[in-house]
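Heads up, model-v5.cif below (mmCIF, C-alpha atoms):
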data_entry
#
loop_
_atom_site.label_atom_id
_atom_site.label_comp_id
_atom_site.auth_asym_id
_atom_site.auth_seq_id
_atom_site.Cartn_x
_atom_site.Cartn_y
_atom_site.Cartn_z
CA MET A 280 45.79 71.47 -134.01
CA LYS A 281 49.19 69.78 -134.06
CA ASN A 282 50.36 66.87 -136.15
CA ILE A 283 51.88 64.41 -133.68
CA THR A 284 53.40 61.07 -134.63
CA VAL A 285 52.76 58.58 -131.84
CA ARG A 286 54.81 55.39 -131.46
CA TYR A 287 53.48 52.50 -129.41
CA PHE A 288 55.55 49.79 -127.73
CA ALA A 289 54.88 46.31 -126.29
CA MET A 290 51.38 46.19 -124.75
CA PHE A 291 50.44 49.58 -126.20
CA ARG A 292 51.30 48.41 -129.71
CA GLU A 293 49.18 45.30 -129.25
CA HIS A 294 46.24 47.36 -127.95
CA ALA A 295 46.51 49.87 -130.79
CA GLY A 296 47.10 47.18 -133.41
CA ILE A 297 49.77 49.39 -135.01
CA GLY A 298 53.26 50.56 -134.07
CA GLU A 299 52.93 54.14 -135.18
CA GLU A 300 50.37 56.66 -136.40
CA THR A 301 50.23 60.39 -137.07
CA LEU A 302 47.32 62.16 -135.41
CA SER A 303 46.00 65.69 -135.63
CA LEU A 304 45.49 66.62 -131.98
CA ASP A 305 44.53 69.59 -129.87
CA ALA A 306 47.24 68.68 -127.34
CA GLU A 307 49.46 70.82 -125.11
CA THR A 308 51.33 68.14 -123.19
CA THR A 309 52.41 64.52 -123.51
CA ALA A 310 49.62 63.66 -121.05
CA ASP A 311 47.08 65.12 -123.51
CA VAL A 312 48.55 62.94 -126.27
CA PHE A 313 48.46 59.87 -124.02
CA HIS A 314 44.82 60.41 -123.07
CA ALA A 315 43.82 61.02 -126.69
CA THR A 316 45.40 57.71 -127.71
CA GLN A 317 43.71 55.93 -124.80
CA ASP A 318 40.31 57.24 -125.90
CA ARG A 319 41.12 56.17 -129.43
CA HIS A 320 42.26 52.64 -128.60
CA GLY A 321 40.33 51.89 -125.43
CA SER A 322 43.35 51.42 -123.15
CA SER A 323 43.22 52.29 -119.45
CA GLU A 324 46.80 51.89 -118.19
CA PRO A 325 47.46 54.69 -115.64
CA SER A 326 50.15 57.09 -116.87
CA GLY A 327 51.92 57.00 -113.50
CA HIS A 328 53.32 53.54 -114.34
CA CYS A 329 54.31 54.50 -117.86
CA LYS A 330 57.08 56.57 -119.41
CA VAL A 331 57.12 58.98 -122.32
CA ALA A 332 59.71 60.42 -124.68
CA ILE A 333 59.63 63.19 -127.27
CA ASN A 334 61.85 62.78 -130.34
CA ASP A 335 63.99 60.11 -128.59
CA VAL A 336 64.55 62.16 -125.40
CA MET A 337 62.90 61.07 -122.15
CA ALA A 338 60.16 63.53 -121.13
CA ASP A 339 57.56 64.05 -118.39
CA TRP A 340 53.79 63.95 -118.56
CA ASP A 341 53.66 67.76 -118.41
CA SER A 342 56.22 68.25 -121.20
CA ILE A 343 54.94 70.47 -124.03
CA VAL A 344 54.48 68.89 -127.45
CA SER A 345 54.99 70.79 -130.69
CA ASP A 346 53.69 70.35 -134.20
CA GLY A 347 55.71 67.62 -135.93
CA ASP A 348 56.95 65.94 -132.73
CA THR A 349 57.19 62.18 -132.35
CA VAL A 350 55.84 61.05 -128.98
CA LEU A 351 56.91 57.60 -127.78
CA LEU A 352 54.58 55.88 -125.33
CA PHE A 353 56.23 53.26 -123.11
CA PRO A 354 54.09 50.91 -121.01
CA PRO A 355 55.50 49.79 -117.61
CA VAL A 356 59.03 48.50 -118.21
CA ALA A 357 60.29 45.11 -117.09
CA GLY A 358 63.91 44.54 -117.97
CA GLY A 359 66.18 41.94 -116.43
CA MET B 146 99.25 64.24 -135.16
CA GLU B 147 96.40 63.85 -132.71
CA THR B 148 96.65 61.23 -129.99
CA PRO B 149 93.76 58.76 -130.14
CA TYR B 150 90.92 59.42 -127.68
CA CYS B 151 91.30 56.00 -126.08
CA CYS B 152 94.76 56.84 -124.75
CA PHE B 153 93.35 59.63 -122.60
CA HIS B 154 90.23 57.85 -121.47
CA ARG B 155 91.21 54.22 -121.42
CA SER B 156 89.06 53.41 -118.39
CA ARG B 157 85.97 54.59 -120.29
CA VAL B 158 86.44 52.14 -123.13
CA VAL B 159 84.98 49.18 -121.24
CA ASP B 160 82.03 51.06 -119.74
CA VAL B 161 79.51 49.78 -122.20
CA ILE B 162 75.91 48.70 -122.39
CA GLU B 163 74.85 46.41 -125.22
CA LEU B 164 71.70 44.76 -126.44
CA THR B 165 72.03 41.44 -128.22
CA THR B 166 69.95 38.68 -129.75
CA SER B 167 72.83 36.22 -129.23
CA GLU B 168 73.66 34.07 -126.22
CA ILE B 169 75.31 36.00 -123.36
CA ARG B 170 78.64 34.40 -122.36
CA PRO B 171 79.61 35.86 -118.96
CA ASP B 172 83.08 34.30 -118.91
CA ALA B 173 84.12 36.03 -122.13
CA LEU B 174 82.59 39.33 -121.01
CA ARG B 175 84.24 39.16 -117.60
CA ALA B 176 87.68 39.07 -119.23
CA ARG B 177 87.11 42.60 -120.56
CA LEU B 178 87.00 43.95 -117.00
CA ILE B 179 90.39 42.62 -115.95
CA ASP B 180 92.45 45.53 -114.69
CA PRO B 181 95.72 45.44 -112.73
CA ALA B 182 94.35 48.16 -110.42
CA ALA B 183 91.22 46.13 -109.60
CA GLY B 184 91.11 43.92 -106.53
CA ALA B 185 87.47 42.94 -106.88
CA TYR B 186 85.06 41.72 -109.52
CA CYS B 187 81.33 41.40 -109.03
CA GLY B 188 78.98 39.94 -111.61
CA PHE B 189 75.23 39.48 -111.80
CA GLU B 190 73.38 37.16 -114.16
CA GLY B 191 69.61 37.30 -114.55
CA TRP B 192 68.20 33.93 -115.72
CA ILE B 193 64.89 32.92 -117.22
CA ARG B 194 62.97 30.96 -114.56
CA ASN B 195 60.12 28.56 -115.15
CA HIS B 196 57.53 30.25 -112.95
CA ASN B 197 56.22 33.70 -112.06
CA GLU B 198 53.40 34.66 -109.69
CA GLY B 199 51.98 31.17 -109.59
CA GLN B 200 52.11 30.57 -113.35
CA SER B 201 54.28 28.03 -115.17
CA VAL B 202 56.40 29.89 -117.70
CA LEU B 203 57.50 28.25 -120.96
CA ARG B 204 59.66 31.05 -122.39
CA LEU B 205 60.08 34.82 -122.36
CA GLU B 206 60.11 37.39 -125.10
CA TYR B 207 62.02 40.66 -124.62
CA GLU B 208 61.38 43.81 -126.60
CA ALA B 209 63.61 46.88 -126.32
CA TYR B 210 63.60 50.33 -127.80
CA GLU B 211 67.29 50.32 -128.53
CA PRO B 212 68.11 54.05 -129.02
CA LEU B 213 66.78 55.02 -125.59
CA ALA B 214 67.77 51.78 -123.85
CA LEU B 215 71.39 52.51 -124.75
CA THR B 216 71.19 56.20 -123.80
CA GLU B 217 69.55 55.45 -120.46
CA GLY B 218 71.95 52.55 -119.82
CA GLU B 219 74.94 54.82 -120.43
CA LYS B 220 73.51 57.32 -117.94
CA ILE B 221 73.23 54.58 -115.31
CA LEU B 222 76.85 53.54 -115.85
CA GLU B 223 77.90 57.18 -115.64
CA GLU B 224 76.04 57.52 -112.32
CA ALA B 225 77.73 54.38 -110.97
CA ARG B 226 81.12 55.71 -111.97
CA SER B 227 80.44 59.10 -110.38
CA GLN B 228 79.82 57.24 -107.10
CA HIS B 229 82.87 54.99 -107.56
CA PRO B 230 85.48 56.75 -109.71
CA HIS B 231 87.75 53.74 -110.31
CA LEU B 232 85.00 51.46 -111.50
CA ARG B 233 84.86 49.54 -114.75
CA ALA B 234 81.41 48.35 -115.73
CA HIS B 235 79.81 46.47 -118.59
CA CYS B 236 76.30 45.18 -119.08
CA VAL B 237 74.51 43.20 -121.76
CA HIS B 238 70.77 42.64 -122.13
CA ARG B 239 69.14 40.08 -124.41
CA THR B 240 66.21 40.76 -126.70
CA GLY B 241 63.96 38.34 -128.57
CA LEU B 242 62.77 34.88 -127.48
CA LEU B 243 64.56 33.25 -124.54
CA GLU B 244 64.17 29.76 -123.13
CA ILE B 245 64.19 28.68 -119.48
CA GLY B 246 67.68 28.84 -117.98
CA GLU B 247 69.09 31.31 -120.49
CA CYS B 248 70.89 34.44 -119.29
CA ALA B 249 68.72 37.50 -119.98
CA VAL B 250 70.96 40.15 -118.47
CA TRP B 251 74.55 40.33 -117.30
CA VAL B 252 76.22 43.09 -115.29
CA GLY B 253 79.92 42.97 -114.47
CA VAL B 254 82.01 45.49 -112.59
CA SER B 255 85.60 45.62 -111.41
CA ALA B 256 86.89 48.01 -108.78
CA PRO B 257 89.80 48.41 -106.37
CA HIS B 258 87.83 46.93 -103.42
CA ARG B 259 84.87 44.60 -102.91
CA ASP B 260 82.54 47.09 -101.23
CA GLU B 261 82.39 49.35 -104.24
CA ALA B 262 82.15 46.36 -106.62
CA PHE B 263 79.12 44.96 -104.75
CA GLN B 264 77.46 48.37 -104.42
CA ALA B 265 77.98 49.38 -108.04
CA CYS B 266 76.79 46.03 -109.42
CA ARG B 267 73.64 46.22 -107.30
CA TYR B 268 73.00 49.83 -108.29
CA ILE B 269 73.37 49.11 -112.00
CA ILE B 270 71.07 46.06 -112.13
CA ASP B 271 68.42 47.72 -109.93
CA GLN B 272 68.38 50.85 -112.11
CA LEU B 273 68.42 48.88 -115.38
CA LYS B 274 65.31 47.00 -114.37
CA VAL B 275 63.22 50.11 -113.68
CA ARG B 276 64.60 52.61 -116.20
CA LEU B 277 65.42 50.91 -119.49
CA PRO B 278 62.67 50.81 -122.12
CA ILE B 279 62.61 47.02 -122.18
CA TRP B 280 59.50 44.88 -121.89
CA LYS B 281 59.03 41.18 -121.35
CA LYS B 282 56.18 38.98 -122.37
CA GLU B 283 55.74 35.69 -120.58
CA HIS B 284 54.52 32.70 -122.57
CA TYR B 285 52.85 30.25 -120.21
CA VAL B 286 52.66 26.47 -120.34
CA ASP B 287 48.85 26.66 -120.68
CA GLY B 288 49.18 28.55 -123.97
CA HIS B 289 48.34 32.12 -123.04
CA SER B 290 50.79 35.01 -122.60
CA GLY B 291 51.07 38.33 -120.80
CA TRP B 292 53.27 41.42 -120.59
CA VAL B 293 55.00 41.56 -117.20
CA ASN B 294 53.95 44.52 -115.01
CA CYS B 295 51.25 45.84 -117.37
CA GLU B 296 48.49 43.47 -116.36
CA ARG B 297 49.41 43.93 -112.73
CA CYS B 298 49.13 47.73 -113.10
CA ALA B 299 45.83 47.41 -114.92
CA LYS B 300 44.43 45.21 -112.16
CA SER B 301 45.48 47.57 -109.38
CA ALA B 302 44.29 50.70 -111.22
#

How does the structure come out when it is put into structure tokens?
Amino acid sequence: MKNITVRYFAMFREHAGIGEETLSLDAETTADVFHATQDRHGSSEPSGHCKVAINDVMADWDSIVSDGDTVLLFPPVAGG
Amino acid sequence: METPYCCFHRSRVVDVIELTTSEIRPDALRARLIDPAAGAYCGFEGWIRNHNEGQSVLRLEYEAYEPLALTEGEKILEEARSQHPHLRAHCVHRTGLLEIGECAVWVGVSAPHRDEAFQACRYIIDQLKVRLPIWKKEHYVDGHSGWVNCERCAKSA
């Protein structure tokens, strides 16, 4: 199990009801973390529209997560 | 004595992306791009409009994750400059609550000729909209609100 701090933004934060939480997860990739948080908070946004970062660096859905990482979950962006 | 960095890389000094909660004033920002070697200036302003997808919009709320918005914005400017080496570019994006008619985003570029100014300005605004971790929530006249793009994705999923 890995301790992963997950940060939620915009719609994800509203769904989760919190901006950040540390979870003990059996997760290999960012996609595993994303799906675990979706199960936890009942969200169903497809990951293909979303972006993810690890420790403030943009990552992919197959990027490997390590114990102590902070994973940032970004719902579909809409700047401008 | 070391020569200051800015003397070697003067053209880089104005290539900046900023986030602000204050009013964007394009005229003041534009002045920073003035360059004797530039024959063209192109600017884009994104404004808050009062409707979206059939709904009457009262105001918009922007949220940004600043550390990555700035990093990603700098990458976009770097890409634009690699395509057009003599470019100067600057962009500013608002965060927080914005009213109808306010400027939400400004992109300004100066370049030797108009073709590269138009192309670079278009490239920068198009990339900003799809790459920066910025989200907008629309507040509608009828009292409800929604995050732009999210609900649409959820519906089509």

Please list as a PDB file with C-alpha atoms, in the frame of the given file every residue within 7 Å of Leu243 of chain B, counting all atoms listed in the file and excluding residues in the same chain fewer than 2 positions away.
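Generated file (part.pdb):
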ATOM      1  CA  ARG B 204      59.660  31.050-122.390  1.00  0.00           C
ATOM      2  CA  LEU B 205      60.080  34.820-122.360  1.00  0.00           C
ATOM      3  CA  GLU B 206      60.110  37.390-125.100  1.00  0.00           C
ATOM      4  CA  GLY B 241      63.960  38.340-128.570  1.00  0.00           C
ATOM      5  CA  ILE B 245      64.190  28.680-119.480  1.00  0.00           C
ATOM      6  CA  GLU B 247      69.090  31.310-120.490  1.00  0.00           C
TER       7      GLU B 247
END

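With all atoms listed in the file as the atoms that count, the residue of A:Val285, A:Cys329, A:Asp341, A:His320 with the shortest distance to Trp280 of chain B is A:Cys329.
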
(message) For a quick check of understanding, using only C-alpha atoms, which of B:Leu232, B:Val202, B:Phe189, B:Pro171 has the smallest distance to Ala262 of chain B?
(response) B:Leu232

(message) Report as a ChimeraX atom specification all protein, DNA and RNA residues lying within 9 Å of segment 219-230 of chain B, evaluated on all atoms listed in the file, omitting residues in the same chain fewer than 2 positions from it.
(response) /B:160-162,214-217,232-236,256,261-262,264-266,268-269,272-273,276

Could you list, with a cut-off of 10 Å and counting all atoms listed in the file, the residues of chain B near chain A, each shown with its nearest atom pair and the distance in Å rounded to one decimal, rows sorted by chain and ascending number, as JSON lines?
{"residue": "B:Glu190", "atom": "CA", "partner": "A:Gly359", "partner_atom": "CA", "distance": 8.9}
{"residue": "B:Gly191", "atom": "CA", "partner": "A:Gly359", "partner_atom": "CA", "distance": 6.1}
{"residue": "B:Trp192", "atom": "CA", "partner": "A:Gly359", "partner_atom": "CA", "distance": 8.3}
{"residue": "B:Ile193", "atom": "CA", "partner": "A:Gly359", "partner_atom": "CA", "distance": 9.1}
{"residue": "B:Tyr207", "atom": "CA", "partner": "A:Gly358", "partner_atom": "CA", "distance": 7.9}
{"residue": "B:Glu208", "atom": "CA", "partner": "A:Ala289", "partner_atom": "CA", "distance": 7.0}
{"residue": "B:Ala209", "atom": "CA", "partner": "A:Gly358", "partner_atom": "CA", "distance": 8.7}
{"residue": "B:Tyr210", "atom": "CA", "partner": "A:Phe288", "partner_atom": "CA", "distance": 8.1}
{"residue": "B:Pro212", "atom": "CA", "partner": "A:Asp335", "partner_atom": "CA", "distance": 7.3}
{"residue": "B:Leu213", "atom": "CA", "partner": "A:Asp335", "partner_atom": "CA", "distance": 6.5}
{"residue": "B:Thr216", "atom": "CA", "partner": "A:Val336", "partner_atom": "CA", "distance": 9.1}
{"residue": "B:Glu217", "atom": "CA", "partner": "A:Met337", "partner_atom": "CA", "distance": 8.9}
{"residue": "B:Val237", "atom": "CA", "partner": "A:Gly359", "partner_atom": "CA", "distance": 10.0}
{"residue": "B:His238", "atom": "CA", "partner": "A:Gly359", "partner_atom": "CA", "distance": 7.4}
{"residue": "B:Arg239", "atom": "CA", "partner": "A:Gly359", "partner_atom": "CA", "distance": 8.7}
{"residue": "B:Thr240", "atom": "CA", "partner": "A:Gly358", "partner_atom": "CA", "distance": 9.8}
{"residue": "B:Cys248", "atom": "CA", "partner": "A:Gly359", "partner_atom": "CA", "distance": 9.3}
{"residue": "B:Ala249", "atom": "CA", "partner": "A:Gly359", "partner_atom": "CA", "distance": 6.2}
{"residue": "B:Val250", "atom": "CA", "partner": "A:Gly359", "partner_atom": "CA", "distance": 5.5}
{"residue": "B:Trp251", "atom": "CA", "partner": "A:Gly359", "partner_atom": "CA", "distance": 8.6}
{"residue": "B:Ile270", "atom": "CA", "partner": "A:Gly359", "partner_atom": "CA", "distance": 7.7}
{"residue": "B:Asp271", "atom": "CA", "partner": "A:Gly359", "partner_atom": "CA", "distance": 9.0}
{"residue": "B:Gln272", "atom": "CA", "partner": "A:Gly358", "partner_atom": "CA", "distance": 9.7}
{"residue": "B:Leu273", "atom": "CA", "partner": "A:Gly358", "partner_atom": "CA", "distance": 6.8}
{"residue": "B:Lys274", "atom": "CA", "partner": "A:Gly358", "partner_atom": "CA", "distance": 4.6}
{"residue": "B:Val275", "atom": "CA", "partner": "A:Val356", "partner_atom": "CA", "distance": 6.4}
{"residue": "B:Arg276", "atom": "CA", "partner": "A:Val356", "partner_atom": "CA", "distance": 7.2}
{"residue": "B:Leu277", "atom": "CA", "partner": "A:Gly358", "partner_atom": "CA", "distance": 6.7}
{"residue": "B:Pro278", "atom": "CA", "partner": "A:Val356", "partner_atom": "CA", "distance": 5.8}
{"residue": "B:Ile279", "atom": "CA", "partner": "A:Gly358", "partner_atom": "CA", "distance": 5.1}
{"residue": "B:Trp280", "atom": "CA", "partner": "A:Ala357", "partner_atom": "CA", "distance": 4.9}
{"residue": "B:Lys281", "atom": "CA", "partner": "A:Ala357", "partner_atom": "CA", "distance": 5.9}
{"residue": "B:Lys282", "atom": "CA", "partner": "A:Ala289", "partner_atom": "CA", "distance": 8.4}
{"residue": "B:Gly291", "atom": "CA", "partner": "A:Met290", "partner_atom": "CA", "distance": 8.8}
{"residue": "B:Trp292", "atom": "CA", "partner": "A:Met290", "partner_atom": "CA", "distance": 6.6}
{"residue": "B:Val293", "atom": "CA", "partner": "A:Ala357", "partner_atom": "CA", "distance": 6.4}
{"residue": "B:Asn294", "atom": "CA", "partner": "A:Pro355", "partner_atom": "CA", "distance": 6.1}
{"residue": "B:Cys295", "atom": "CA", "partner": "A:Pro355", "partner_atom": "CA", "distance": 5.8}
{"residue": "B:Glu296", "atom": "CA", "partner": "A:Glu324", "partner_atom": "CA", "distance": 8.8}
{"residue": "B:Arg297", "atom": "CA", "partner": "A:Pro355", "partner_atom": "CA", "distance": 9.8}
{"residue": "B:Cys298", "atom": "CA", "partner": "A:Glu324", "partner_atom": "CA", "distance": 7.0}
{"residue": "B:Ala299", "atom": "CA", "partner": "A:Glu324", "partner_atom": "CA", "distance": 5.6}
{"residue": "B:Lys300", "atom": "CA", "partner": "A:Glu324", "partner_atom": "CA", "distance": 9.3}
{"residue": "B:Ser301", "atom": "CA", "partner": "A:Pro325", "partner_atom": "CA", "distance": 9.7}
{"residue": "B:Ala302", "atom": "CA", "partner": "A:Pro325", "partner_atom": "CA", "distance": 6.7}

(request) Would you mind reading off the distance between atom CA of Met280 of chain A and atom CA of Val312 of chain A, one decimal, in Å? (result)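 Between atom CA of Met280 of chain A and atom CA of Val312 of chain A the gap works out to 11.8 Å.
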
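One distance worth recording is that between atom CA of Leu352 of chain A and atom CA of Val252 of chain B, which is 27.1 Å.
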
Close residues, Ile333 of chain A itself excluded, 8 Å, all atoms listed in the file, min 6 positions apart in chain, as a PDB file with C-alpha atoms, in the coordinates of the input:
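Written file, out-v7.pdb:
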ATOM      1  CA  VAL A 344      54.480  68.890-127.450  1.00  0.00           C
ATOM      2  CA  ASP A 348      56.950  65.940-132.730  1.00  0.00           C
ATOM      3  CA  THR A 349      57.190  62.180-132.350  1.00  0.00           C
ATOM      4  CA  VAL A 350      55.840  61.050-128.980  1.00  0.00           C
ATOM      5  CA  LEU A 351      56.910  57.600-127.780  1.00  0.00           C
TER       6      LEU A 351
END

(request) Return the single residue from A:Gly347, A:Ala315, A:Ser303, A:Gly296 that is closest to Asn334 of chain A, with distances computed using all atoms listed in the file. (result)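 Checking each of A:Gly347, A:Ala315, A:Ser303, A:Gly296 against Asn334 of chain A, counting all atoms listed in the file, the winner is A:Gly347.
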
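Take atom CA of Gly321 of chain A and atom CA of Asp339 of chain A: the distance between them is 22.2 Å.
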
(message) Which residues would end up in the selection if the PyMOL selection byres ((chain A and resi 299) around 8) were applied here, given that I need the answer as a ChimeraX atom specification?
(response) /A:284-287,297-298,300-301

(request) Would you translate the PyMOL selection byres ((chain B and resi 185) around 6) into the concrete set of residues it matches in this file, as a PyMOL selection string? (result) chain B and resi 183-184+186+255-259

Enclose segment 274-287 of chain B, meaning all of its atoms listed in the file, in a box aligned along x, y and z, pad it by 6 Å on each side, and list the centre and edge lengths in Å to one decimal, as JSON.
{"center_x": 57.1, "center_y": 39.5, "center_z": -118.1, "size_x": 28.6, "size_y": 38.1, "size_z": 20.9}

(request) Point out the residue among B:Pro181, B:Gly188, B:Ala173, B:Leu203 with the least atom-to-atom distance to Arg267 of chain B, counting all atoms listed in the file. (result) B:Gly188

(request) Using only C-alpha atoms, find the one residue out of A:Asn282, A:Thr308, A:Phe313, A:Glu293 that sits nearest to Ser342 of chain A. (result)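 Among A:Asn282, A:Thr308, A:Phe313, A:Glu293, it is A:Thr308 that comes nearest to Ser342 of chain A.
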
If you apply the PyMOL selection byres ((chain B and resi 200) around 10) to this file, what residues do you get, as a PDB file with C-alpha atoms, in the coordinates of the input?
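Below you can see result-v1.pdb, which holds the result:
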ATOM      1  CA  ASN B 195      60.120  28.560-115.150  1.00  0.00           C
ATOM      2  CA  HIS B 196      57.530  30.250-112.950  1.00  0.00           C
ATOM      3  CA  ASN B 197      56.220  33.700-112.060  1.00  0.00           C
ATOM      4  CA  GLU B 198      53.400  34.660-109.690  1.00  0.00           C
ATOM      5  CA  GLY B 199      51.980  31.170-109.590  1.00  0.00           C
ATOM      6  CA  SER B 201      54.280  28.030-115.170  1.00  0.00           C
ATOM      7  CA  VAL B 202      56.400  29.890-117.700  1.00  0.00           C
ATOM      8  CA  LEU B 203      57.500  28.250-120.960  1.00  0.00           C
ATOM      9  CA  GLU B 283      55.740  35.690-120.580  1.00  0.00           C
ATOM     10  CA  HIS B 284      54.520  32.700-122.570  1.00  0.00           C
ATOM     11  CA  TYR B 285      52.850  30.250-120.210  1.00  0.00           C
ATOM     12  CA  VAL B 286      52.660  26.470-120.340  1.00  0.00           C
ATOM     13  CA  ASP B 287      48.850  26.660-120.680  1.00  0.00           C
TER      14      ASP B 287
END
